[in-house]
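See below for work-v2.cif, which holds mmCIF, C-alpha atoms.
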data_upload
#
loop_
_atom_site.group_PDB
_atom_site.id
_atom_site.type_symbol
_atom_site.label_atom_id
_atom_site.label_comp_id
_atom_site.auth_asym_id
_atom_site.auth_seq_id
_atom_site.Cartn_x
_atom_site.Cartn_y
_atom_site.Cartn_z
ATOM 1 C CA MET A 1 8.782 -41.430 -2.890
ATOM 2 C CA SER A 2 8.341 -43.105 -6.278
ATOM 3 C CA ARG A 3 10.981 -43.134 -9.011
ATOM 4 C CA GLN A 4 8.826 -40.883 -11.153
ATOM 5 C CA THR A 5 8.547 -38.269 -8.411
ATOM 6 C CA LYS A 6 12.294 -38.389 -7.769
ATOM 7 C CA ALA A 7 12.918 -37.989 -11.486
ATOM 8 C CA GLY A 8 10.473 -35.070 -11.503
ATOM 9 C CA PHE A 9 12.393 -33.325 -8.725
ATOM 10 C CA LYS A 10 15.693 -33.902 -10.548
ATOM 11 C CA LYS A 11 14.275 -32.579 -13.816
ATOM 12 C CA GLU A 12 12.840 -29.403 -12.240
ATOM 13 C CA PHE A 13 15.939 -28.806 -10.124
ATOM 14 C CA LEU A 14 18.351 -29.146 -13.041
ATOM 15 C CA ALA A 15 16.142 -27.064 -15.330
ATOM 16 C CA PHE A 16 15.857 -24.332 -12.688
ATOM 17 C CA PHE A 17 19.594 -24.029 -12.154
ATOM 18 C CA ARG A 18 21.120 -25.029 -15.516
ATOM 19 C CA THR A 19 19.018 -22.507 -17.429
ATOM 20 C CA ASN A 20 20.286 -19.778 -15.043
ATOM 21 C CA THR A 21 16.700 -19.019 -14.053
ATOM 22 C CA PHE A 22 17.557 -19.197 -10.354
ATOM 23 C CA LEU A 23 20.599 -16.980 -10.865
ATOM 24 C CA THR A 24 18.547 -14.393 -12.747
ATOM 25 C CA ILE A 25 15.885 -14.207 -10.049
ATOM 26 C CA ALA A 26 18.498 -14.125 -7.271
ATOM 27 C CA LEU A 27 20.457 -11.286 -8.888
ATOM 28 C CA VAL A 28 17.301 -9.226 -9.385
ATOM 29 C CA MET A 29 15.947 -9.725 -5.861
ATOM 30 C CA ILE A 30 19.250 -9.280 -4.026
ATOM 31 C CA GLY A 31 20.206 -6.404 -6.309
ATOM 32 C CA LEU A 32 16.947 -4.556 -5.598
ATOM 33 C CA ALA A 33 17.347 -5.220 -1.871
ATOM 34 C CA VAL A 34 20.824 -3.693 -1.885
ATOM 35 C CA LEU A 35 20.175 -0.767 -4.214
ATOM 36 C CA THR A 36 16.989 0.520 -2.570
ATOM 37 C CA PRO A 37 18.571 1.544 0.783
ATOM 38 C CA LEU A 38 21.466 3.103 -1.130
ATOM 39 C CA LEU A 39 19.049 5.178 -3.205
ATOM 40 C CA ILE A 40 17.090 6.307 -0.147
ATOM 41 C CA SER A 41 20.239 7.284 1.724
ATOM 42 C CA GLY A 42 21.617 9.030 -1.355
ATOM 43 C CA MET A 43 18.375 10.950 -1.779
ATOM 44 C CA GLY A 44 18.607 12.156 1.812
ATOM 45 C CA LEU A 45 22.208 13.274 1.342
ATOM 46 C CA PHE A 46 21.332 15.038 -1.915
ATOM 47 C CA MET A 47 18.430 16.925 -0.353
ATOM 48 C CA ASP A 48 20.627 17.870 2.614
ATOM 49 C CA SER A 49 23.297 19.268 0.287
ATOM 50 C CA MET A 50 20.611 21.300 -1.510
ATOM 51 C CA SER A 51 19.022 22.562 1.714
ATOM 52 C CA ASP A 52 20.240 26.155 1.153
ATOM 53 C CA LEU A 53 18.613 26.247 -2.260
ATOM 54 C CA TYR A 54 15.371 24.869 -0.837
ATOM 55 C CA GLU A 55 15.436 27.511 1.912
ATOM 56 C CA GLU A 56 15.758 30.250 -0.686
ATOM 57 C CA MET A 57 12.669 28.790 -2.339
ATOM 58 C CA GLY A 58 10.848 28.899 1.003
ATOM 59 C CA THR A 59 10.840 25.141 1.550
ATOM 60 C CA ASP A 60 12.158 23.480 4.687
ATOM 61 C CA VAL A 61 13.390 19.964 3.883
ATOM 62 C CA SER A 62 15.245 19.344 7.143
ATOM 63 C CA GLY A 63 12.480 17.136 8.501
ATOM 64 C CA MET A 64 12.404 15.050 5.342
ATOM 65 C CA THR A 65 16.180 14.593 5.212
ATOM 66 C CA GLU A 66 16.238 13.548 8.861
ATOM 67 C CA ALA A 67 13.462 11.029 8.216
ATOM 68 C CA LEU A 68 15.283 9.557 5.197
ATOM 69 C CA GLY A 69 18.412 8.943 7.231
ATOM 70 C CA GLU A 70 16.811 8.117 10.534
ATOM 71 C CA SER A 71 16.558 4.317 10.927
ATOM 72 C CA THR A 72 17.381 1.049 9.187
ATOM 73 C CA SER A 73 13.707 0.040 9.214
ATOM 74 C CA ILE A 74 13.091 2.668 6.505
ATOM 75 C CA GLY A 75 15.701 1.123 4.223
ATOM 76 C CA VAL A 76 14.598 -2.463 4.848
ATOM 77 C CA GLN A 77 10.890 -1.758 4.445
ATOM 78 C CA SER A 78 11.462 0.169 1.218
ATOM 79 C CA ALA A 79 13.673 -2.625 -0.128
ATOM 80 C CA ILE A 80 11.088 -5.296 0.680
ATOM 81 C CA GLU A 81 8.326 -3.261 -0.954
ATOM 82 C CA THR A 82 10.458 -2.921 -4.095
ATOM 83 C CA VAL A 83 11.197 -6.642 -4.195
ATOM 84 C CA SER A 84 7.530 -7.523 -3.652
ATOM 85 C CA GLY A 85 6.673 -5.449 -6.735
ATOM 86 C CA VAL A 86 9.477 -5.643 -9.278
ATOM 87 C CA GLY A 87 10.908 -8.911 -7.949
ATOM 88 C CA LEU A 88 7.541 -10.650 -8.192
ATOM 89 C CA ILE A 89 7.104 -9.565 -11.823
ATOM 90 C CA VAL A 90 10.561 -10.871 -12.767
ATOM 91 C CA MET A 91 9.985 -14.156 -10.923
ATOM 92 C CA LEU A 92 6.614 -14.880 -12.520
ATOM 93 C CA ILE A 93 7.832 -14.089 -16.026
ATOM 94 C CA THR A 94 11.028 -16.141 -15.722
ATOM 95 C CA LEU A 95 9.057 -19.108 -14.384
ATOM 96 C CA ASN A 96 6.841 -19.203 -17.474
ATOM 97 C CA LYS A 97 8.719 -22.131 -18.986
ATOM 98 C CA PHE A 98 8.066 -24.188 -15.863
ATOM 99 C CA ALA A 99 4.441 -23.099 -15.385
ATOM 100 C CA GLY A 100 2.988 -24.827 -18.429
ATOM 101 C CA GLY A 101 5.525 -23.525 -20.937
ATOM 102 C CA GLU A 102 6.749 -27.048 -21.670
ATOM 103 C CA GLN A 103 3.208 -28.032 -22.652
ATOM 104 C CA LYS A 104 3.221 -25.434 -25.412
ATOM 105 C CA LYS A 105 6.377 -27.021 -26.787
ATOM 106 C CA ARG A 106 4.697 -30.445 -26.428
ATOM 107 C CA SER A 107 7.736 -31.775 -24.573
ATOM 108 C CA VAL A 108 5.463 -33.328 -21.957
ATOM 109 C CA ILE A 109 3.323 -35.310 -24.396
ATOM 110 C CA ILE A 110 5.640 -38.289 -24.870
ATOM 111 C CA PRO A 111 6.300 -38.721 -21.114
ATOM 112 C CA ARG A 112 2.544 -38.526 -20.475
ATOM 113 C CA SER A 113 1.907 -41.075 -23.219
ATOM 114 C CA ALA A 114 4.592 -43.324 -21.727
ATOM 115 C CA GLY A 115 2.901 -43.327 -18.334
ATOM 116 C CA LEU A 116 4.119 -40.203 -16.526
ATOM 117 C CA ARG A 117 1.745 -39.641 -13.624
ATOM 118 C CA CYS A 118 0.296 -36.191 -13.089
ATOM 119 C CA PHE A 119 1.435 -36.113 -9.466
ATOM 120 C CA ALA A 120 5.071 -36.660 -10.479
ATOM 121 C CA TYR A 121 4.743 -33.818 -12.983
ATOM 122 C CA ILE A 122 2.986 -31.295 -10.729
ATOM 123 C CA PHE A 123 4.266 -31.951 -7.190
ATOM 124 C CA PRO A 124 7.988 -31.046 -7.702
ATOM 125 C CA LYS A 125 6.988 -27.685 -9.178
ATOM 126 C CA PHE A 126 4.989 -26.749 -6.078
ATOM 127 C CA ILE A 127 7.961 -27.576 -3.848
ATOM 128 C CA ILE A 128 11.020 -26.237 -5.662
ATOM 129 C CA TYR A 129 9.813 -22.869 -6.978
ATOM 130 C CA PRO A 130 7.828 -21.642 -3.938
ATOM 131 C CA LEU A 131 10.671 -22.662 -1.609
ATOM 132 C CA ALA A 132 13.140 -20.818 -3.841
ATOM 133 C CA ALA A 133 10.950 -17.717 -3.533
ATOM 134 C CA LEU A 134 10.979 -18.033 0.267
ATOM 135 C CA VAL A 135 14.742 -18.528 0.543
ATOM 136 C CA LEU A 136 15.532 -15.643 -1.798
ATOM 137 C CA SER A 137 13.078 -13.362 0.018
ATOM 138 C CA ILE A 138 14.730 -14.004 3.368
ATOM 139 C CA GLY A 139 18.137 -13.460 1.770
ATOM 140 C CA ALA A 140 16.953 -10.184 0.240
ATOM 141 C CA ALA A 141 15.609 -8.968 3.596
ATOM 142 C CA PHE A 142 18.902 -9.645 5.368
ATOM 143 C CA ALA A 143 20.916 -8.147 2.487
ATOM 144 C CA SER A 144 18.933 -4.903 2.742
ATOM 145 C CA TRP A 145 19.437 -4.874 6.526
ATOM 146 C CA LEU A 146 23.205 -5.354 6.282
ATOM 147 C CA VAL A 147 23.451 -2.556 3.726
ATOM 148 C CA SER A 148 21.189 -0.258 5.776
ATOM 149 C CA ILE A 149 23.147 -0.545 9.052
ATOM 150 C CA PRO A 150 26.043 1.743 8.012
ATOM 151 C CA LEU A 151 23.770 4.049 5.987
ATOM 152 C CA PHE A 152 21.219 5.039 8.637
ATOM 153 C CA ALA A 153 21.727 6.632 12.024
ATOM 154 C CA ASP A 154 19.635 4.268 14.145
ATOM 155 C CA ASN A 155 19.813 0.483 13.786
ATOM 156 C CA ASN A 156 16.386 -0.142 15.302
ATOM 157 C CA LEU A 157 15.959 -3.685 13.973
ATOM 158 C CA TYR A 158 16.587 -7.090 15.479
ATOM 159 C CA ALA A 159 17.434 -10.140 13.397
ATOM 160 C CA ASP A 160 14.022 -11.509 14.437
ATOM 161 C CA ASN A 161 12.281 -8.528 12.842
ATOM 162 C CA VAL A 162 14.186 -8.943 9.597
ATOM 163 C CA LEU A 163 13.607 -12.695 9.493
ATOM 164 C CA LEU A 164 9.868 -12.371 10.027
ATOM 165 C CA ALA A 165 9.639 -9.579 7.430
ATOM 166 C CA GLY A 166 11.553 -11.765 4.970
ATOM 167 C CA VAL A 167 9.209 -14.672 5.672
ATOM 168 C CA LEU A 168 6.190 -12.430 5.035
ATOM 169 C CA LEU A 169 7.712 -11.332 1.738
ATOM 170 C CA GLY A 170 8.525 -14.933 0.863
ATOM 171 C CA VAL A 171 5.047 -16.240 1.644
ATOM 172 C CA THR A 172 3.543 -13.431 -0.440
ATOM 173 C CA LEU A 173 5.692 -14.419 -3.418
ATOM 174 C CA MET A 174 5.008 -18.114 -2.785
ATOM 175 C CA LEU A 175 1.279 -17.472 -2.954
ATOM 176 C CA TYR A 176 1.448 -15.894 -6.408
ATOM 177 C CA VAL A 177 3.989 -18.428 -7.652
ATOM 178 C CA CYS A 178 1.560 -21.203 -6.703
ATOM 179 C CA PHE A 179 -1.265 -19.389 -8.501
ATOM 180 C CA HIS A 180 0.976 -19.070 -11.553
ATOM 181 C CA LEU A 181 1.930 -22.746 -11.479
ATOM 182 C CA ALA A 182 -1.683 -23.859 -11.083
ATOM 183 C CA LEU A 183 -3.123 -21.633 -13.805
ATOM 184 C CA GLY A 184 -0.202 -22.138 -16.177
ATOM 185 C CA THR A 185 -0.077 -25.938 -15.962
ATOM 186 C CA ALA A 186 -3.872 -26.204 -16.107
ATOM 187 C CA THR A 187 -4.226 -24.107 -19.270
ATOM 188 C CA GLY A 188 -0.826 -24.599 -20.906
ATOM 189 C CA LYS A 189 -0.713 -20.812 -21.419
ATOM 190 C CA ALA A 190 2.115 -19.590 -19.214
ATOM 191 C CA GLY A 191 2.217 -16.058 -20.629
ATOM 192 C CA MET A 192 -1.445 -15.496 -19.952
ATOM 193 C CA SER A 193 -1.056 -16.986 -16.480
ATOM 194 C CA SER A 194 1.819 -14.667 -15.512
ATOM 195 C CA ALA A 195 -0.095 -11.632 -16.818
ATOM 196 C CA VAL A 196 -3.168 -12.569 -14.764
ATOM 197 C CA CYS A 197 -1.129 -13.198 -11.606
ATOM 198 C CA ILE A 198 0.795 -9.922 -11.952
ATOM 199 C CA THR A 199 -2.447 -7.991 -12.403
ATOM 200 C CA VAL A 200 -4.045 -9.711 -9.430
ATOM 201 C CA SER A 201 -0.987 -9.060 -7.248
ATOM 202 C CA PHE A 202 -1.324 -5.314 -7.870
ATOM 203 C CA LEU A 203 -5.106 -5.022 -7.548
ATOM 204 C CA LEU A 204 -6.260 -7.651 -5.047
ATOM 205 C CA PRO A 205 -4.354 -6.559 -1.890
ATOM 206 C CA GLY A 206 -5.530 -2.950 -2.190
ATOM 207 C CA ILE A 207 -9.133 -3.971 -2.827
ATOM 208 C CA LEU A 208 -9.228 -6.423 0.076
ATOM 209 C CA SER A 209 -7.587 -3.957 2.463
ATOM 210 C CA GLN A 210 -10.435 -1.542 1.709
ATOM 211 C CA VAL A 211 -13.204 -4.128 1.917
ATOM 212 C CA ILE A 212 -11.948 -6.029 4.977
ATOM 213 C CA ASP A 213 -11.278 -4.164 8.209
ATOM 214 C CA GLY A 214 -7.635 -4.853 9.096
ATOM 215 C CA ASN A 215 -4.993 -6.897 7.294
ATOM 216 C CA MET A 216 -4.423 -9.539 9.957
ATOM 217 C CA TYR A 217 -5.645 -13.041 9.062
ATOM 218 C CA ASN A 218 -5.888 -12.005 5.394
ATOM 219 C CA PRO A 219 -3.336 -14.006 3.354
ATOM 220 C CA PHE A 220 -3.607 -11.636 0.391
ATOM 221 C CA THR A 221 -2.490 -8.582 2.367
ATOM 222 C CA LEU A 222 0.559 -10.098 4.037
ATOM 223 C CA GLU A 223 2.761 -7.413 2.481
ATOM 224 C CA TYR A 224 0.920 -4.755 4.519
ATOM 225 C CA LEU A 225 2.030 -6.476 7.733
ATOM 226 C CA ILE A 226 5.726 -6.029 6.938
ATOM 227 C CA GLY A 227 5.796 -2.414 8.184
ATOM 228 C CA PRO A 228 4.195 -3.206 11.591
ATOM 229 C CA VAL A 229 6.503 -6.207 11.994
ATOM 230 C CA LEU A 230 9.613 -4.100 11.365
ATOM 231 C CA ARG A 231 8.428 -1.424 13.791
ATOM 232 C CA SER A 232 7.729 -3.886 16.626
ATOM 233 C CA ASP A 233 9.580 -6.494 18.617
ATOM 234 C CA PRO A 234 8.153 -9.852 17.465
ATOM 235 C CA ARG A 235 9.544 -11.504 20.592
ATOM 236 C CA MET A 236 6.953 -9.656 22.663
ATOM 237 C CA GLY A 237 3.202 -9.211 22.420
ATOM 238 C CA THR A 238 0.726 -11.073 20.244
ATOM 239 C CA ILE A 239 1.800 -9.850 16.794
ATOM 240 C CA LEU A 240 3.987 -12.906 16.167
ATOM 241 C CA GLN A 241 1.146 -15.298 16.927
ATOM 242 C CA ASP A 242 -1.292 -13.390 14.709
ATOM 243 C CA VAL A 243 1.201 -13.209 11.841
ATOM 244 C CA LEU A 244 1.915 -16.948 12.053
ATOM 245 C CA ILE A 245 -1.819 -17.697 11.901
ATOM 246 C CA THR A 246 -2.113 -15.515 8.785
ATOM 247 C CA ILE A 247 0.839 -17.355 7.224
ATOM 248 C CA GLY A 248 -0.927 -20.623 8.032
ATOM 249 C CA PHE A 249 -3.980 -19.459 6.085
ATOM 250 C CA ALA A 250 -1.723 -18.604 3.133
ATOM 251 C CA LEU A 251 -0.127 -22.066 3.217
ATOM 252 C CA GLY A 252 -3.603 -23.582 3.211
ATOM 253 C CA ILE A 253 -4.444 -21.668 0.034
ATOM 254 C CA MET A 254 -1.214 -22.913 -1.570
ATOM 255 C CA ILE A 255 -2.204 -26.509 -0.856
ATOM 256 C CA ILE A 256 -5.580 -25.863 -2.461
ATOM 257 C CA THR A 257 -3.910 -24.445 -5.597
ATOM 258 C CA PHE A 258 -1.776 -27.603 -5.820
ATOM 259 C CA LEU A 259 -4.857 -29.818 -5.578
ATOM 260 C CA VAL A 260 -6.606 -27.739 -8.251
ATOM 261 C CA ALA A 261 -3.575 -28.049 -10.556
ATOM 262 C CA LEU A 262 -3.415 -31.807 -9.956
ATOM 263 C CA PHE A 263 -7.143 -32.181 -10.640
ATOM 264 C CA ALA A 264 -6.823 -30.174 -13.875
ATOM 265 C CA GLN A 265 -3.984 -32.383 -15.091
ATOM 266 C CA ASN A 266 -5.880 -35.559 -14.271
ATOM 267 C CA ALA A 267 -8.905 -34.206 -16.131
ATOM 268 C CA LYS A 268 -6.942 -33.720 -19.349
ATOM 269 C CA LYS A 269 -7.215 -36.364 -22.004
ATOM 270 C CA ILE A 270 -4.626 -37.348 -24.594
ATOM 271 C CA ASP A 271 -6.067 -37.915 -28.061
ATOM 272 C CA ASN A 272 -3.693 -39.892 -30.302
ATOM 273 C CA SER A 273 -6.200 -40.547 -33.077
ATOM 274 C CA GLY A 274 -5.182 -37.613 -35.298
ATOM 275 C CA ASP A 275 -2.018 -36.553 -37.035
ATOM 276 C CA GLU A 276 -0.985 -34.483 -34.039
ATOM 277 C CA ILE A 277 -0.814 -35.373 -30.383
ATOM 278 C CA ASP A 278 -2.702 -32.915 -28.196
ATOM 279 C CA LEU A 279 -3.100 -32.626 -24.477
#
In structure tokens, how does this file's structure come out?
Amino acid sequence: MSRQTKAGFKKEFLAFFRTNTFLTIALVMIGLAVLTPLLISGMGLFMDSMSDLYEEMGTDVSGMTEALGESTSIGVQSAIETVSGVGLIVMLITLNKFAGGEQKKRSVIIPRSAGLRCFAYIFPKFIIYPLAALVLSIGAAFASWLVSIPLFADNNLYADNVLLAGVLLGVTLMLYVCFHLALGTATGKAGMSSAVCITVSFLLPGILSQVIDGNMYNPFTLEYLIGPVLRSDPRMGTILQDVLITIGFALGIMIITFLVALFAQNAKKIDNSGDEIDL
């Protein structure tokens, strides 16, 4: 690894942690993972305490209250779905300054003029931030599981289930983080990039799930596999193999986004002939 690449890793790592960006994302994701099972369990207890009132209104809520407090898989799946929505939005927005935001402030112009290679600028971003998304996703999945165990009647999950569900969540977030990094660094417009990626994350999975029969082998609908994974034993059957193949496709797309971002940076020209220095 060259000195420039090492310096790039150090710069991104220190910026990620010293600006409290990592802490912000971690608190949001872990907080959502912990609060969601508590809210679901509390809703079940509230409806159970109001069962007499519901009966007077002619509504039987016993089945719903039993379902809300039945198994830990309900709490974990709900927590992961919340993190994949709200957590993704927070992550993409907070990563704006690393996904081309420094270009807007022109802080990258002098290093580029002094010989900073595009690979040393782009490569550390596509390692540090996607891996952070994966680690935090797995941590959020296990946090929701640990909170759900005393809240729900049936602990029907294995650690393998939770780990695989966390990996699916992490790969989903990694995919959109890579899109954000590629689009943001290529255009220098991080705000626009995060808005596009957030919109795509809400619309694309639903559209593809309707167009394509089944969600297996579709990297953009990985989040829809979390429920089946939590309800099965990944140590048996073929679901683990199929899920790993789908994850492999997603990793392939991430590599392509990195190559696109690198190509876009190499295609940029620096014009020093005017009063201002532009990328």
Under the rule that all atoms listed in the file are counted, which of A:Ile239, A:Val177, A:Ile255, A:Ala79 is the nearest residue to Ser194 in chain A? A:Val177
Which of these residues is nearest to Ser201 in chain A, using all atoms listed in the file: A:Leu23, A:Ile149, A:Leu244, A:Leu88? A:Leu88
Taken to one decimal, the CA of Met91 in chain A-CA of Tyr176 in chain A distance is 9.8 Å
Residue contacts of Thr199 in chain A (12 Å, all atoms listed in the file) excluding same-chain residues fewer than 3 positions away, as a PyMOL selection string: chain A and resi 85+88-89+92+176+180+192-196+202-206
As an exercise, work out the distance from CA of Tyr224 in chain A to CA of Ala143 in chain A in Å and give it to one decimal place.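 CA of Tyr224 in chain A sits 20.4 Å away from CA of Ala143 in chain A.
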May I have the residues within 10 Å of Ala120 in chain A as a list in words, using all atoms listed in the file and disregarding those fewer than 6 positions away in the same chain?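 Close residues of Ala120 in chain A: Met1, Ser2, Arg3, Gln4, Thr5, Lys6, Ala7, Gly8, Phe9 and Leu262 of chain A.
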I need the residues from that last selection saved to file as a tab-separated table (two decimals), in the frame of the given file (with C-alpha atoms), if you can.
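Final output, out-v6.tsv:
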chain	number	residue	atom	x	y	z
A	1	MET	CA	8.78	-41.43	-2.89
A	2	SER	CA	8.34	-43.10	-6.28
A	3	ARG	CA	10.98	-43.13	-9.01
A	4	GLN	CA	8.83	-40.88	-11.15
A	5	THR	CA	8.55	-38.27	-8.41
A	6	LYS	CA	12.29	-38.39	-7.77
A	7	ALA	CA	12.92	-37.99	-11.49
A	8	GLY	CA	10.47	-35.07	-11.50
A	9	PHE	CA	12.39	-33.33	-8.72
A	262	LEU	CA	-3.42	-31.81	-9.96
Near Gln77 in chain A, within 12 Å and counting all atoms listed in the file, which residues show up once chain neighbours fewer than 3 positions away are dropped, as a PyMOL selection string? chain A and resi 33-34+36-37+40+71-74+80-84+140-142+144-145+148+157+161-162+165-166+168-169+223-231
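CA of Gly184 in chain A sits 25.9 Å away from CA of Thr246 in chain A.
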Which residue of A:Ile247, A:Ile207, A:Ile128, A:Pro219 approaches Lys10 in chain A most closely, using all atoms listed in the file: A:Ile128
With a distance cut-off of 10 Å and all atoms listed in the file, select the neighbouring residues of Cys178 in chain A, excluding the residue or stretch itself and same-chain residues fewer than 4 positions from it, and output the selection as a PDB file with C-alpha atoms, keeping the file's coordinate frame.
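Output file selection_36.pdb follows:
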ATOM      1  CA  LEU A  92       6.614 -14.880 -12.520  1.00  0.00           C
ATOM      2  CA  ALA A  99       4.441 -23.099 -15.385  1.00  0.00           C
ATOM      3  CA  LYS A 125       6.988 -27.685  -9.178  1.00  0.00           C
ATOM      4  CA  PHE A 126       4.989 -26.749  -6.078  1.00  0.00           C
ATOM      5  CA  ILE A 127       7.961 -27.576  -3.848  1.00  0.00           C
ATOM      6  CA  TYR A 129       9.813 -22.869  -6.978  1.00  0.00           C
ATOM      7  CA  PRO A 130       7.828 -21.642  -3.938  1.00  0.00           C
ATOM      8  CA  LEU A 173       5.692 -14.419  -3.418  1.00  0.00           C
ATOM      9  CA  MET A 174       5.008 -18.114  -2.785  1.00  0.00           C
ATOM     10  CA  ALA A 182      -1.683 -23.859 -11.083  1.00  0.00           C
ATOM     11  CA  LEU A 183      -3.123 -21.633 -13.805  1.00  0.00           C
ATOM     12  CA  GLY A 184      -0.202 -22.138 -16.177  1.00  0.00           C
ATOM     13  CA  CYS A 197      -1.129 -13.198 -11.606  1.00  0.00           C
ATOM     14  CA  ILE A 253      -4.444 -21.668   0.034  1.00  0.00           C
ATOM     15  CA  MET A 254      -1.214 -22.913  -1.570  1.00  0.00           C
ATOM     16  CA  ILE A 255      -2.204 -26.509  -0.856  1.00  0.00           C
ATOM     17  CA  ILE A 256      -5.580 -25.863  -2.461  1.00  0.00           C
ATOM     18  CA  THR A 257      -3.910 -24.445  -5.597  1.00  0.00           C
ATOM     19  CA  PHE A 258      -1.776 -27.603  -5.820  1.00  0.00           C
ATOM     20  CA  ALA A 261      -3.575 -28.049 -10.556  1.00  0.00           C
TER      21      ALA A 261
END
Shortest interatomic distance to Gly100 in chain A - which of A:Ala190, A:Leu134, A:Ala153, A:Leu32, counting only C-alpha atoms: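 Counting only C-alpha atoms, the residue closest to Gly100 in chain A is A:Ala190.
Using all atoms listed in the file, the nearest neighbour of Lys189 in chain A within the list A:Phe220, A:Phe263, A:Phe13, A:Phe98 is A:Phe98.
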